[in-house]
file target-v3.txt (compact mmCIF, C-alpha atoms)
# COMPACT_ATOMS: atom_id res chain seq x y z
CA MET S 1 -72.81 -7.15 -126.02
CA SER S 2 -75.77 -8.48 -124.01
CA VAL S 3 -77.06 -6.62 -120.97
CA ILE S 4 -78.30 -8.60 -117.96
CA THR S 5 -79.80 -6.81 -114.96
CA LEU S 6 -80.13 -8.22 -111.46
CA LEU S 7 -82.75 -7.31 -108.86
CA THR S 8 -82.87 -9.27 -105.60
CA ASP S 9 -83.52 -9.08 -101.87
CA PHE S 10 -80.13 -10.69 -101.18
CA GLY S 11 -78.29 -7.62 -99.91
CA LEU S 12 -74.52 -7.40 -100.32
CA ARG S 13 -73.26 -8.82 -97.03
CA ASP S 14 -73.15 -12.37 -98.34
CA ALA S 15 -71.77 -13.70 -101.63
CA PHE S 16 -75.14 -14.46 -103.24
CA VAL S 17 -75.06 -11.64 -105.79
CA GLY S 18 -71.41 -12.13 -106.66
CA THR S 19 -71.97 -15.85 -107.14
CA MET S 20 -74.82 -15.22 -109.57
CA LYS S 21 -72.54 -12.93 -111.54
CA GLY S 22 -69.87 -15.62 -111.60
CA VAL S 23 -72.32 -18.14 -113.04
CA ILE S 24 -73.46 -15.67 -115.71
CA LEU S 25 -69.93 -14.78 -116.74
CA GLY S 26 -68.91 -18.43 -116.85
CA ILE S 27 -71.56 -19.03 -119.50
CA CYS S 28 -71.62 -15.65 -121.24
CA PRO S 29 -68.27 -13.89 -120.63
CA GLU S 30 -69.25 -10.88 -122.73
CA ALA S 31 -72.35 -10.07 -120.68
CA ARG S 32 -72.62 -6.60 -119.22
CA ILE S 33 -74.23 -7.03 -115.78
CA VAL S 34 -76.13 -4.14 -114.20
CA ASP S 35 -77.32 -4.17 -110.59
CA LEU S 36 -80.81 -2.67 -110.33
CA SER S 37 -81.07 -3.25 -106.59
CA HIS S 38 -80.19 -5.86 -103.99
CA GLU S 39 -81.85 -4.01 -101.12
CA ILE S 40 -85.46 -5.05 -101.68
CA THR S 41 -87.02 -5.73 -98.29
CA PRO S 42 -86.60 -9.48 -97.76
CA GLN S 43 -89.49 -11.49 -99.22
CA ARG S 44 -91.45 -8.37 -100.24
CA ILE S 45 -92.45 -9.50 -103.73
CA GLU S 46 -94.65 -6.48 -104.44
CA GLU S 47 -91.78 -4.11 -103.61
CA GLY S 48 -89.48 -5.90 -106.02
CA ALA S 49 -92.18 -5.84 -108.68
CA PHE S 50 -92.56 -2.08 -108.36
CA VAL S 51 -88.82 -1.36 -108.43
CA LEU S 52 -88.50 -3.49 -111.56
CA ARG S 53 -91.33 -1.49 -113.15
CA THR S 54 -89.48 1.79 -112.58
CA ALA S 55 -86.28 0.59 -114.25
CA TYR S 56 -86.82 -1.87 -117.08
CA PRO S 57 -88.23 0.53 -119.71
CA TYR S 58 -84.94 2.44 -119.75
CA PHE S 59 -82.75 -0.46 -120.90
CA PRO S 60 -81.71 -1.35 -124.45
CA VAL S 61 -83.76 -3.70 -126.58
CA GLY S 62 -82.69 -7.28 -125.90
CA THR S 63 -81.86 -6.79 -122.22
CA VAL S 64 -82.45 -9.78 -119.93
CA HIS S 65 -83.85 -8.78 -116.52
CA VAL S 66 -83.37 -11.24 -113.65
CA ALA S 67 -85.62 -10.64 -110.63
CA VAL S 68 -85.24 -12.89 -107.59
CA VAL S 69 -87.44 -12.15 -104.59
CA ASP S 70 -88.36 -15.72 -103.91
CA PRO S 71 -89.79 -16.75 -100.52
CA GLY S 72 -91.11 -19.96 -102.16
CA VAL S 73 -87.70 -21.14 -103.34
CA GLY S 74 -87.52 -24.93 -103.40
CA GLY S 75 -91.30 -25.27 -103.41
CA ALA S 76 -93.86 -25.83 -106.15
CA ARG S 77 -93.62 -22.41 -107.81
CA ARG S 78 -92.22 -22.49 -111.35
CA ALA S 79 -89.26 -20.72 -112.92
CA LEU S 80 -90.33 -18.39 -115.71
CA ILE S 81 -89.15 -16.51 -118.74
CA VAL S 82 -91.42 -13.63 -119.74
CA GLU S 83 -90.75 -12.36 -123.24
CA THR S 84 -91.88 -8.98 -124.56
CA PRO S 85 -90.95 -7.30 -127.85
CA GLY S 86 -88.20 -5.35 -126.08
CA CYS S 87 -86.70 -7.66 -123.49
CA ARG S 88 -86.89 -10.89 -121.50
CA PHE S 89 -87.51 -11.38 -117.77
CA VAL S 90 -86.30 -14.34 -115.70
CA GLY S 91 -87.53 -15.20 -112.23
CA PRO S 92 -90.00 -17.14 -110.07
CA ASP S 93 -93.69 -17.50 -110.81
CA ASN S 94 -94.86 -15.60 -107.73
CA GLY S 95 -96.10 -12.23 -108.97
CA ILE S 96 -92.68 -10.56 -109.24
CA PHE S 97 -93.56 -9.60 -112.83
CA ALA S 98 -96.99 -8.18 -111.93
CA HIS S 99 -96.26 -4.74 -113.36
CA VAL S 100 -94.81 -6.24 -116.54
CA TYR S 101 -98.02 -8.20 -117.09
CA ALA S 102 -100.09 -5.08 -116.36
CA ARG S 103 -98.11 -2.74 -118.63
CA GLU S 104 -97.16 -4.91 -121.60
CA THR S 105 -99.73 -5.95 -124.19
CA ASP S 106 -97.62 -8.48 -126.10
CA ILE S 107 -96.08 -11.12 -123.85
CA ARG S 108 -95.17 -14.78 -123.94
CA VAL S 109 -94.61 -16.70 -120.70
CA VAL S 110 -92.56 -19.91 -120.65
CA SER S 111 -92.12 -22.33 -117.77
CA VAL S 112 -88.43 -23.24 -117.58
CA THR S 113 -88.15 -27.02 -117.51
CA GLU S 114 -85.16 -27.80 -119.72
CA PRO S 115 -82.29 -28.87 -117.41
CA ARG S 116 -79.52 -28.17 -119.92
CA PHE S 117 -79.99 -24.46 -119.25
CA MET S 118 -79.52 -24.86 -115.48
CA LEU S 119 -76.57 -25.88 -113.34
CA PRO S 120 -76.14 -29.66 -112.98
CA GLU S 121 -77.14 -29.64 -109.32
CA ILE S 122 -80.13 -27.59 -108.14
CA SER S 123 -80.09 -26.63 -104.47
CA ASN S 124 -83.22 -26.19 -102.38
CA THR S 125 -82.38 -22.63 -101.37
CA PHE S 126 -80.42 -20.82 -104.11
CA HIS S 127 -82.23 -20.92 -107.45
CA GLY S 128 -80.77 -17.49 -108.21
CA ARG S 129 -77.46 -19.26 -108.74
CA ASP S 130 -78.63 -22.63 -110.00
CA VAL S 131 -81.56 -21.72 -112.27
CA PHE S 132 -82.14 -18.02 -112.93
CA ALA S 133 -78.53 -16.92 -113.51
CA PRO S 134 -77.69 -19.68 -116.03
CA VAL S 135 -81.03 -19.27 -117.80
CA ALA S 136 -80.36 -15.55 -118.20
CA ALA S 137 -76.86 -16.21 -119.52
CA HIS S 138 -78.11 -18.68 -122.12
CA LEU S 139 -80.77 -16.20 -123.23
CA ALA S 140 -78.07 -13.55 -123.58
CA LEU S 141 -76.11 -15.96 -125.78
CA GLY S 142 -79.10 -16.20 -128.10
CA ALA S 143 -80.92 -19.38 -127.11
CA PRO S 144 -84.58 -19.14 -128.28
CA VAL S 145 -87.14 -18.78 -125.52
CA SER S 146 -89.07 -21.75 -126.92
CA ASP S 147 -86.12 -24.05 -126.14
CA PHE S 148 -86.47 -23.54 -122.38
CA GLY S 149 -89.86 -25.15 -121.86
CA PRO S 150 -93.58 -24.95 -122.63
CA GLU S 151 -95.54 -21.74 -123.00
CA ILE S 152 -98.10 -21.28 -120.20
CA ALA S 153 -101.12 -19.09 -119.52
CA ASP S 154 -101.78 -19.90 -115.85
CA TYR S 155 -98.92 -17.86 -114.40
CA ASP S 156 -99.27 -15.84 -111.18
CA ALA S 157 -100.16 -12.36 -112.43
CA GLY S 158 -99.77 -10.84 -108.97
CA THR S 159 -101.76 -7.83 -107.83
CA VAL S 160 -101.37 -4.30 -109.14
CA THR S 161 -103.74 -1.81 -107.54
CA LYS S 162 -105.40 0.62 -109.90
CA PRO S 163 -106.83 4.02 -109.03
CA VAL S 164 -110.52 4.60 -109.62
CA ALA S 165 -111.72 7.86 -111.17
CA HIS S 166 -115.21 8.94 -110.15
CA GLU S 167 -117.40 12.04 -110.12
CA GLY S 168 -115.78 13.34 -106.94
CA GLY S 169 -112.16 12.76 -107.99
CA ILE S 170 -109.83 9.77 -107.69
CA THR S 171 -109.44 7.01 -105.13
CA GLY S 172 -105.99 5.46 -105.16
CA HIS S 173 -103.62 3.60 -102.87
CA VAL S 174 -100.07 3.77 -101.56
CA LEU S 175 -98.11 1.63 -103.99
CA HIS S 176 -94.57 1.95 -102.64
CA ILE S 177 -92.48 3.67 -99.99
CA ASP S 178 -88.93 4.38 -101.13
CA ARG S 179 -85.77 4.50 -99.01
CA PHE S 180 -86.27 8.22 -98.37
CA GLY S 181 -89.71 7.56 -96.93
CA ASN S 182 -91.46 9.13 -99.92
CA ILE S 183 -94.99 7.79 -100.35
CA ILE S 184 -95.68 6.80 -103.95
CA SER S 185 -99.29 6.31 -104.97
CA ASP S 186 -100.76 4.38 -107.88
CA ILE S 187 -102.31 7.59 -109.26
CA GLY S 188 -100.64 8.34 -112.57
CA GLU S 189 -99.76 11.82 -113.77
CA SER S 190 -102.06 11.77 -116.79
CA LEU S 191 -105.09 10.68 -114.75
CA PHE S 192 -104.33 13.25 -112.06
CA LEU S 193 -103.92 16.14 -114.51
CA GLU S 194 -107.00 15.16 -116.50
CA THR S 195 -109.13 14.91 -113.37
CA THR S 196 -107.94 18.14 -111.75
CA ARG S 197 -107.63 20.36 -114.86
CA GLU S 198 -109.19 23.78 -114.20
CA LYS S 199 -110.62 22.53 -110.90
CA ARG S 200 -109.80 23.07 -107.27
CA PHE S 201 -108.60 19.90 -105.65
CA ARG S 202 -107.48 18.43 -102.36
CA ILE S 203 -105.16 15.47 -101.88
CA ARG S 204 -105.94 13.52 -98.73
CA LEU S 205 -103.67 10.97 -97.08
CA ALA S 206 -103.91 10.04 -93.39
CA GLU S 207 -104.48 13.35 -91.57
CA VAL S 208 -102.90 15.51 -94.26
CA VAL S 209 -104.76 17.58 -96.85
CA LEU S 210 -102.83 19.25 -99.69
CA ASP S 211 -104.23 21.63 -102.28
CA ARG S 212 -101.34 21.95 -104.72
CA VAL S 213 -98.62 19.97 -106.43
CA CYS S 214 -95.06 21.22 -106.17
CA ALA S 215 -92.42 21.20 -108.89
CA SER S 216 -89.60 20.45 -106.42
CA TYR S 217 -89.16 19.34 -102.83
CA ASP S 218 -87.75 22.67 -101.68
CA GLU S 219 -90.88 24.61 -102.57
CA VAL S 220 -91.95 24.02 -98.97
CA ALA S 221 -90.16 24.53 -95.68
CA ASP S 222 -87.97 21.84 -94.14
CA GLY S 223 -90.18 19.24 -92.49
CA ALA S 224 -93.29 20.26 -94.42
CA VAL S 225 -95.44 17.79 -96.35
CA LEU S 226 -95.85 18.22 -100.09
CA ALA S 227 -97.27 16.51 -103.17
CA ILE S 228 -95.19 16.08 -106.31
CA LEU S 229 -95.39 14.15 -109.58
CA ASP S 230 -92.36 11.89 -109.44
CA SER S 231 -89.90 10.43 -111.95
CA ALA S 232 -92.10 7.36 -112.47
CA GLY S 233 -95.04 9.56 -113.45
CA LEU S 234 -96.92 8.92 -110.21
CA LEU S 235 -98.39 11.16 -107.53
CA GLU S 236 -96.04 11.20 -104.54
CA ILE S 237 -96.40 12.56 -101.04
CA ALA S 238 -93.11 13.61 -99.45
CA VAL S 239 -91.63 15.57 -96.58
CA ASN S 240 -88.91 18.04 -97.45
CA GLY S 241 -85.79 16.77 -95.70
CA GLY S 242 -87.61 13.95 -93.92
CA SER S 243 -89.60 10.75 -94.20
CA ALA S 244 -93.26 11.15 -95.12
CA ALA S 245 -93.97 7.52 -94.22
CA GLU S 246 -92.68 8.02 -90.67
CA THR S 247 -94.26 11.45 -90.28
CA LEU S 248 -97.70 10.30 -91.43
CA GLY S 249 -97.59 6.69 -90.21
CA VAL S 250 -98.53 5.41 -93.65
CA SER S 251 -98.08 1.90 -95.09
CA THR S 252 -98.48 0.37 -98.54
CA GLY S 253 -102.10 -0.21 -99.40
CA ASP S 254 -103.39 2.84 -97.52
CA ARG S 255 -105.93 4.98 -99.35
CA VAL S 256 -105.01 8.19 -101.18
CA GLU S 257 -107.88 10.48 -102.21
CA VAL S 258 -107.96 13.29 -104.74
CA VAL S 259 -111.14 15.31 -104.21
CA VAL S 260 -112.19 17.81 -106.90
CA GLU S 261 -114.64 20.70 -106.67
call {"tool": "encode", "arguments": {"input": "target-v3.txt", "output": "structure tokens"}}
result
Amino acid sequence: MSVITLLTDFGLRDAFVGTMKGVILGICPEARIVDLSHEITPQRIEEGAFVLRTAYPYFPVGTVHVAVVDPGVGGARRALIVETPGCRFVGPDNGIFAHVYARETDIRVVSVTEPRFMLPEISNTFHGRDVFAPVAAHLALGAPVSDFGPEIADYDAGTVTKPVAHEGGITGHVLHIDRFGNIISDIGESLFLETTREKRFRIRLAEVVLDRVCASYDEVADGAVLAILDSAGLLEIAVNGGSAAETLGVSTGDRVEVVVE
């Protein structure tokens, strides 16, 4: 049984997500459809790219991941299939797969041009239904990626910030703010532990300075700020029982510093 995941900024108020599922099931009735999220902030491509990063490694080999955060729908951007040894990704060529490109070393990217894998009529505003859903269903049925169109190398790789290690510590950035207001940096656990091993350190973000990493949120008092290594293996700044983003007035892209002594 093929697994197809869906990640969109469509929300659940309208019938967009349900319609995509109907198209998939009409082509591949045996598909098992998993909703990753439909609450991506509208048109926030980088947010969708990060959420996809946190989820896709945990799915079975052969899974097809559909990601539709597509402010350029109906324009010149292409529809893509990105193939890795473990899975395939379907979505617009707008940077939504930035973390896939950054993490995977063996990829093939195909521009979807073959109309027989799309619905007969393509609307200007709903390629999730007309292009991406049917393409995913045909992939799940076993159609070879090479049948969908030409392989390309000039795809939009997006932007993935990377922390910089230096003599004084690490300079990173706020990568994502989750629905709890937790501030997730681009500083990975391995880099953090390697840099701070057997050294005193301070984590600086906005006006806050922290000198330890907690193992759980409740190691500090309610309303207190803490640092923790999260489930994605990244350094996170949180507030126990509250929103760190609101408390600190932080946005994505802001600088996070780890200073070692």
call {"tool": "atom_distance", "arguments": {"input": "target-v3.txt", "atom1": "CA of Arg13 (chain S)", "atom2": "CA of Tyr58 (chain S)"}}
result
27.9 Å
call {"tool": "residues_around", "arguments": {"input": "target-v3.txt", "residues": "region 14-23 of chain S", "least_positions_apart": "2", "cutoff": "9 Å", "atoms": "only C-alpha atoms", "output": "PDB file with C-alpha atoms, in the coordinates of the input"}}
result
ATOM      1  CA  LEU S   6     -80.130  -8.220-111.460  1.00  0.00           C
ATOM      2  CA  THR S   8     -82.870  -9.270-105.600  1.00  0.00           C
ATOM      3  CA  PHE S  10     -80.130 -10.690-101.180  1.00  0.00           C
ATOM      4  CA  GLY S  11     -78.290  -7.620 -99.910  1.00  0.00           C
ATOM      5  CA  LEU S  12     -74.520  -7.400-100.320  1.00  0.00           C
ATOM      6  CA  LEU S  25     -69.930 -14.780-116.740  1.00  0.00           C
ATOM      7  CA  GLY S  26     -68.910 -18.430-116.850  1.00  0.00           C
ATOM      8  CA  ILE S  27     -71.560 -19.030-119.500  1.00  0.00           C
ATOM      9  CA  CYS S  28     -71.620 -15.650-121.240  1.00  0.00           C
ATOM     10  CA  ILE S  33     -74.230  -7.030-115.780  1.00  0.00           C
ATOM     11  CA  HIS S  38     -80.190  -5.860-103.990  1.00  0.00           C
ATOM     12  CA  LEU S 119     -76.570 -25.880-113.340  1.00  0.00           C
ATOM     13  CA  PHE S 126     -80.420 -20.820-104.110  1.00  0.00           C
ATOM     14  CA  GLY S 128     -80.770 -17.490-108.210  1.00  0.00           C
ATOM     15  CA  ARG S 129     -77.460 -19.260-108.740  1.00  0.00           C
ATOM     16  CA  ASP S 130     -78.630 -22.630-110.000  1.00  0.00           C
ATOM     17  CA  PHE S 132     -82.140 -18.020-112.930  1.00  0.00           C
ATOM     18  CA  ALA S 133     -78.530 -16.920-113.510  1.00  0.00           C
ATOM     19  CA  PRO S 134     -77.690 -19.680-116.030  1.00  0.00           C
ATOM     20  CA  ALA S 137     -76.860 -16.210-119.520  1.00  0.00           C
TER      21      ALA S 137
END
call {"tool": "atom_distance", "arguments": {"input": "target-v3.txt", "atom1": "CA of Ile45 (chain S)", "atom2": "CA of Val239 (chain S)"}}
result
26.1 Å
call {"tool": "residues_around", "arguments": {"input": "target-v3.txt", "residues": "region 90-97 of chain S", "least_positions_apart": "3", "cutoff": "6 Å", "atoms": "all atoms listed in the file", "output": "list in words"}}
result
Ile45, Ala49, Val66, Ala67, Val68, Arg77, Arg78, Ala79, Leu80, Ile81, Val100, Asp156, Ala157 and Gly158 of chain S
call {"tool": "closest_residue", "arguments": {"input": "target-v3.txt", "among": "S:Gly72, S:Gly188, S:Gly86, S:Pro60", "to": "Ile228 (chain S)", "atoms": "only C-alpha atoms"}}
result
S:Gly188
call {"tool": "atom_distance", "arguments": {"input": "target-v3.txt", "atom1": "CA of Ile40 (chain S)", "atom2": "CA of Ala224 (chain S)"}}
result
27.5 Å
call {"tool": "residues_around", "arguments": {"input": "target-v3.txt", "residues": "Thr247 (chain S)", "least_positions_apart": "2", "cutoff": "10 Å", "atoms": "only C-alpha atoms", "output": "PDB file with C-alpha atoms, keeping the file's coordinate frame"}}
result
ATOM      1  CA  GLY S 181     -89.710   7.560 -96.930  1.00  0.00           C
ATOM      2  CA  GLY S 223     -90.180  19.240 -92.490  1.00  0.00           C
ATOM      3  CA  ALA S 224     -93.290  20.260 -94.420  1.00  0.00           C
ATOM      4  CA  VAL S 225     -95.440  17.790 -96.350  1.00  0.00           C
ATOM      5  CA  ALA S 238     -93.110  13.610 -99.450  1.00  0.00           C
ATOM      6  CA  VAL S 239     -91.630  15.570 -96.580  1.00  0.00           C
ATOM      7  CA  GLY S 242     -87.610  13.950 -93.920  1.00  0.00           C
ATOM      8  CA  SER S 243     -89.600  10.750 -94.200  1.00  0.00           C
ATOM      9  CA  ALA S 244     -93.260  11.150 -95.120  1.00  0.00           C
ATOM     10  CA  ALA S 245     -93.970   7.520 -94.220  1.00  0.00           C
ATOM     11  CA  GLY S 249     -97.590   6.690 -90.210  1.00  0.00           C
ATOM     12  CA  VAL S 250     -98.530   5.410 -93.650  1.00  0.00           C
TER      13      VAL S 250
END
call {"tool": "residues_around", "arguments": {"input": "target-v3.txt", "residues": "region 140-155 of chain S", "least_positions_apart": "5", "cutoff": "6 Å", "atoms": "only C-alpha atoms", "output": "list in words"}}
result
Ser2, Val109, Val110, Ser111, Val112, Thr113 and Glu114 of chain S
call {"tool": "axis_aligned_box", "arguments": {"input": "target-v3.txt", "around": "region 127-141 of chain S", "padding_each_side": "8 Å", "output": "lines of an AutoDock Vina configuration file"}}
result
center_x = -79.2
center_y = -18.1
center_z = -116.6
size_x = 22.1
size_y = 25.1
size_z = 34.3
call {"tool": "closest_residue", "arguments": {"input": "target-v3.txt", "among": "S:Glu167, S:Phe192, S:Asp254, S:Ile183", "to": "Leu226 (chain S)", "atoms": "only C-alpha atoms"}}
result
S:Ile183
call {"tool": "closest_residue", "arguments": {"input": "target-v3.txt", "among": "S:Glu236, S:Leu7, S:Val260, S:Ser216", "to": "Phe201 (chain S)", "atoms": "all atoms listed in the file"}}
result
S:Val260
call {"tool": "closest_residue", "arguments": {"input": "target-v3.txt", "among": "S:Gly75, S:Gly253, S:Pro57, S:Pro85", "to": "Arg108 (chain S)", "atoms": "all atoms listed in the file"}}
result
S:Pro85
call {"tool": "residues_near_point", "arguments": {"input": "target-v3.txt", "point": "(-84.0, -5.2, -113.3)", "cutoff": "6 Å", "atoms": "only C-alpha atoms", "output": "list in words"}}
result
Thr5, Leu6, Leu7, Leu36, Leu52, Tyr56 and His65 of chain S
call {"tool": "closest_residue", "arguments": {"input": "target-v3.txt", "among": "S:Glu189, S:Asp9, S:Asp211, S:Glu194", "to": "Pro71 (chain S)", "atoms": "all atoms listed in the file"}}
result
S:Asp9
call {"tool": "decode", "arguments": {"input": "target-v3.txt", "residues": "region 190-200 of chain S", "atoms": "all heavy atoms", "output": "tab-separated table (two decimals), in the first residue's frame"}}
result
chain	number	residue	atom	x	y	z
S	190	SER	N	24.70	18.28	17.39
S	190	SER	CA	26.09	17.82	17.35
S	190	SER	C	27.07	18.98	17.34
S	190	SER	O	28.09	18.96	18.04
S	190	SER	CB	26.31	16.92	16.13
S	190	SER	OG	26.03	17.61	14.93
S	191	LEU	N	26.77	20.03	16.57
S	191	LEU	CA	27.63	21.20	16.54
S	191	LEU	C	27.65	21.89	17.89
S	191	LEU	O	28.71	22.30	18.39
S	191	LEU	CB	27.16	22.18	15.46
S	191	LEU	CG	27.92	23.51	15.39
S	191	LEU	CD1	29.39	23.28	15.06
S	191	LEU	CD2	27.27	24.44	14.36
S	192	PHE	N	26.49	22.01	18.52
S	192	PHE	CA	26.41	22.65	19.83
S	192	PHE	C	27.23	21.89	20.86
S	192	PHE	O	28.02	22.48	21.61
S	192	PHE	CB	24.95	22.76	20.27
S	192	PHE	CG	24.79	23.34	21.65
S	192	PHE	CD1	24.86	24.71	21.85
S	192	PHE	CD2	24.59	22.52	22.74
S	192	PHE	CE1	24.74	25.25	23.12
S	192	PHE	CE2	24.46	23.05	24.01
S	192	PHE	CZ	24.54	24.41	24.21
S	193	LEU	N	27.04	20.57	20.93
S	193	LEU	CA	27.75	19.78	21.94
S	193	LEU	C	29.26	19.77	21.69
S	193	LEU	O	30.05	19.83	22.62
S	193	LEU	CB	27.20	18.35	21.95
S	193	LEU	CG	25.74	18.21	22.42
S	193	LEU	CD1	25.29	16.77	22.33
S	193	LEU	CD2	25.56	18.75	23.83
S	194	GLU	N	29.64	19.69	20.42
S	194	GLU	CA	31.07	19.70	20.10
S	194	GLU	C	31.72	21.02	20.48
S	194	GLU	O	32.84	21.06	21.00
S	194	GLU	CB	31.25	19.44	18.61
S	194	GLU	CG	32.71	19.45	18.15
S	194	GLU	CD	32.84	19.24	16.66
S	194	GLU	OE1	31.84	18.84	16.01
S	194	GLU	OE2	33.94	19.49	16.13
S	195	THR	N	31.00	22.11	20.24
S	195	THR	CA	31.56	23.44	20.51
S	195	THR	C	31.63	23.74	22.00
S	195	THR	O	32.56	24.43	22.46
S	195	THR	CB	30.72	24.51	19.79
S	195	THR	OG1	30.69	24.22	18.39
S	195	THR	CG2	31.28	25.90	20.01
S	196	THR	N	30.66	23.26	22.76
S	196	THR	CA	30.57	23.62	24.18
S	196	THR	C	31.15	22.58	25.11
S	196	THR	O	31.18	22.79	26.32
S	196	THR	CB	29.10	23.87	24.57
S	196	THR	OG1	28.34	22.66	24.33
S	196	THR	CG2	28.50	25.01	23.74
S	197	ARG	N	31.62	21.44	24.58
S	197	ARG	CA	32.12	20.37	25.45
S	197	ARG	C	33.23	20.86	26.37
S	197	ARG	O	34.20	21.45	25.93
S	197	ARG	CB	32.63	19.21	24.59
S	197	ARG	CG	33.07	18.00	25.41
S	197	ARG	CD	33.53	16.86	24.53
S	197	ARG	NE	32.39	16.31	23.79
S	197	ARG	CZ	32.26	16.36	22.47
S	197	ARG	NH1	33.19	16.95	21.74
S	197	ARG	NH2	31.21	15.83	21.88
S	198	GLU	N	33.01	20.63	27.68
S	198	GLU	CA	33.98	20.98	28.71
S	198	GLU	C	34.31	22.48	28.74
S	198	GLU	O	35.38	22.88	29.18
S	198	GLU	CB	35.27	20.16	28.56
S	198	GLU	CG	35.03	18.66	28.70
S	198	GLU	CD	36.31	17.85	28.56
S	198	GLU	OE1	37.36	18.46	28.29
S	198	GLU	OE2	36.25	16.62	28.71
S	199	LYS	N	33.37	23.29	28.27
S	199	LYS	CA	33.56	24.74	28.29
S	199	LYS	C	32.34	25.41	28.91
S	199	LYS	O	31.22	24.90	28.83
S	199	LYS	CB	33.76	25.27	26.87
S	199	LYS	CG	35.01	24.76	26.18
S	199	LYS	CD	35.10	25.31	24.76
S	199	LYS	CE	36.32	24.78	24.05
S	199	LYS	NZ	36.39	25.25	22.64
S	200	ARG	N	32.56	26.54	29.51
S	200	ARG	CA	31.44	27.37	29.93
S	200	ARG	C	30.88	28.06	28.69
S	200	ARG	O	31.63	28.46	27.78
S	200	ARG	CB	31.90	28.40	30.95
S	200	ARG	CG	32.41	27.79	32.26
S	200	ARG	CD	32.92	28.86	33.18
S	200	ARG	NE	31.88	29.82	33.53
S	200	ARG	CZ	32.10	30.93	34.23
S	200	ARG	NH1	33.34	31.24	34.62
S	200	ARG	NH2	31.11	31.75	34.51
